[in-house]
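Read through the structure below, which is laid out as structure tokens, and then see the notes.
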Amino acid sequence: MLHRVTLTVLSATALFTSVTLAACSKDAPKAAPSASKEAAESAAAKQGTDAAKSPAAAAAAKAGGDARGALIDHEVTDIEGKQVKLSDFNQGEGKKALLIVNTASQCGFTPQYAKLQELYGKYKDDGLVVLGFPSDDYGGQEPGTNEEISSFVASKYSVEFPMMDKVTTKGEGMIPLYRALTEQSPQEFQGPVRWNFTKFLVDADGYVVARFESPVDPLSDEVQAAIAKALPGATK
């Protein structure tokens, strides 16, 4: 009788263990398939909007008070070493909207330089300024010096919009401008920059009003529609 009870308990224990292992196996995350470099860049870039929905981002937005987020009025350095006050772009009669882009010379999205230049040429007389911020933060795809970067964008893509000093756009060394863009803007635009050629649109009053991840074409309808609303004199 004792042996029969013991066997019954052991059988029940084995069944419980089997069911538990099966359930854990079912819920375990599966390894992601391998991807090409281009697909990996796009996947990394598209994760930025997910980070913007995090509880931490929501708390930061709440702490900021104003629903429009932080005023983008930082002082930066251009690619020739001159100081530039971004607040100068949203004061007086010559107000400007800004499209702020972290750039790189050896990225799959580098050809966007040409489209950014075309966009700048199309809207600069209406009050748009494109600002390029070279960064080596993503894949080490901007190894050049300021001089090399300046020569490259001018000769390869005929860039005429202002290029800034090479900067850090994430982590502990992130410049204050990018901290404001990624942590102090409205919640829907918050989250770390995930890849090169992430685009932040700042309206003529100095507030972030749109964010476009790396794969988004600068000449797409959605970008141009947002720019039209952000330009000085546009109806909000």
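Residues in the structure tokens are numbered from 1 in each chain, the chains being A, B, ... in the order shown, and ligands are numbered from 1 in the order shown.
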* Got a sec: who's within 8 Å of Thr198 (chain A), counting only C-alpha atoms, leaving out chain neighbours fewer than 3 positions off, as JSON, numbers by chain? -> {"A": [45, 101, 102, 193, 194, 195, 211, 212, 213, 214]}
* To do: Enumerate as an MDAnalysis selection string all residues of region 55-235 of chain A assigned to strand (DSSP E) by DSSP on the backbone, naming them with the chain letters and numbers the document uses.
  => chainID A and resid 75:77 83:85 97:103 128:134 199:202 208:212
* Please provide the set of residues having any atom within 6 Å of Gly69 (chain A), restricted to only C-alpha atoms, with same-chain residues fewer than 2 positions apart removed, written as a ChimeraX atom specification. => /A:66-67,184-186
Sorted by chain and rising residue number, which residues of region 129-184 of chain A lie within 9 Å of region 121-125 of chain A, and what are their closest atom pairs and distances in Å to one decimal, counting only C-alpha atoms, as a Markdown table?
| residue | atom | partner | partner_atom | distance |
| --- | --- | --- | --- | --- |
| A:Val129 | CA | A:Lys124 | CA | 6.1 |
| A:Val130 | CA | A:Lys124 | CA | 8.5 |
| A:Glu160 | CA | A:Gly121 | CA | 8.6 |
| A:Phe161 | CA | A:Gly121 | CA | 8.6 |
Those residues you just picked out, can you put them in a file as an mmCIF file, in the first residue's frame with N, CA and C atoms?
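File out.cif, as written:
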data_model
loop_
_atom_site.group_PDB
_atom_site.id
_atom_site.type_symbol
_atom_site.label_atom_id
_atom_site.label_comp_id
_atom_site.auth_asym_id
_atom_site.auth_seq_id
_atom_site.Cartn_x
_atom_site.Cartn_y
_atom_site.Cartn_z
ATOM 1 N N VAL A 129 15.347 76.441 -41.527
ATOM 2 C CA VAL A 129 16.784 76.224 -41.462
ATOM 3 C C VAL A 129 17.023 74.760 -41.088
ATOM 4 N N VAL A 130 17.799 74.060 -41.894
ATOM 5 C CA VAL A 130 18.223 72.700 -41.564
ATOM 6 C C VAL A 130 19.565 72.808 -40.844
ATOM 7 N N GLU A 160 24.508 73.233 -48.423
ATOM 8 C CA GLU A 160 24.628 74.658 -48.116
ATOM 9 C C GLU A 160 24.009 75.005 -46.767
ATOM 10 N N PHE A 161 23.216 74.099 -46.200
ATOM 11 C CA PHE A 161 22.613 74.391 -44.898
ATOM 12 C C PHE A 161 23.688 74.311 -43.814
#
* Provide the CA of Leu98 (chain A) to CA of Ala154 (chain A) distance in Å, to one decimal place. =>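 Calculated distance between CA of Leu98 (chain A) and CA of Ala154 (chain A) is 20.3 Å.
Here CA of Ala230 (chain A) is placed at a distance of 18.4 Å from CA of Gly132 (chain A).
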* Looking at A:Gly81, A:Gly233, A:Pro218, A:Gly108, which one is nearest to Leu201 (chain A), with distances taken over only C-alpha atoms? -> A:Pro218
* A:Ile79, A:Leu231, A:Leu128, A:Val84 ranked by distance to Thr145 (chain A), top pick (using only C-alpha atoms) ->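 Using only C-alpha atoms, the shortest distance to Thr145 (chain A) belongs to A:Ile79.
The space separating CA of Leu99 (chain A) from CA of Asp137 (chain A) comes to 19.5 Å.
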For Ala204 (chain A), please output as a compact mmCIF listing (two decimals) with N, CA and C atoms, in the first residue's frame all residues within 6 Å (counting only C-alpha atoms; exclusion window: fewer than 2 positions along the same chain).
# COMPACT_ATOMS: atom_id res chain seq x y z
N ASN A 90 14.33 82.23 -33.25
CA ASN A 90 12.89 82.37 -32.94
C ASN A 90 12.58 83.68 -32.25
N LYS A 95 11.95 85.13 -37.66
CA LYS A 95 11.81 83.83 -37.03
C LYS A 95 12.01 82.69 -38.03
N LYS A 96 12.55 81.60 -37.53
CA LYS A 96 12.81 80.44 -38.38
C LYS A 96 12.31 79.16 -37.70
N ALA A 97 11.90 78.21 -38.51
CA ALA A 97 11.67 76.85 -38.04
C ALA A 97 12.96 76.08 -38.26
N GLY A 206 10.18 78.02 -31.17
CA GLY A 206 11.25 77.35 -30.44
C GLY A 206 10.86 76.07 -29.73
N LEU A 231 6.37 76.59 -40.01
CA LEU A 231 7.00 77.80 -40.52
C LEU A 231 6.42 79.07 -39.90
N PRO A 232 7.21 80.12 -39.81
CA PRO A 232 6.69 81.37 -39.25
C PRO A 232 5.50 81.87 -40.06
* To do: Apply DSSP to the structure's backbone, then extract all residues of region 129-175 of chain A labelled helix (DSSP H, G or I) and return them as a list in words.
  =>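 Taking region 129-175 of chain A and keeping helix (DSSP H, G or I) only, one gets Asn146, Glu147, Glu148, Ile149, Ser150, Ser151, Phe152, Val153, Ala154, Ser155, Lys156 and Tyr157 of chain A.
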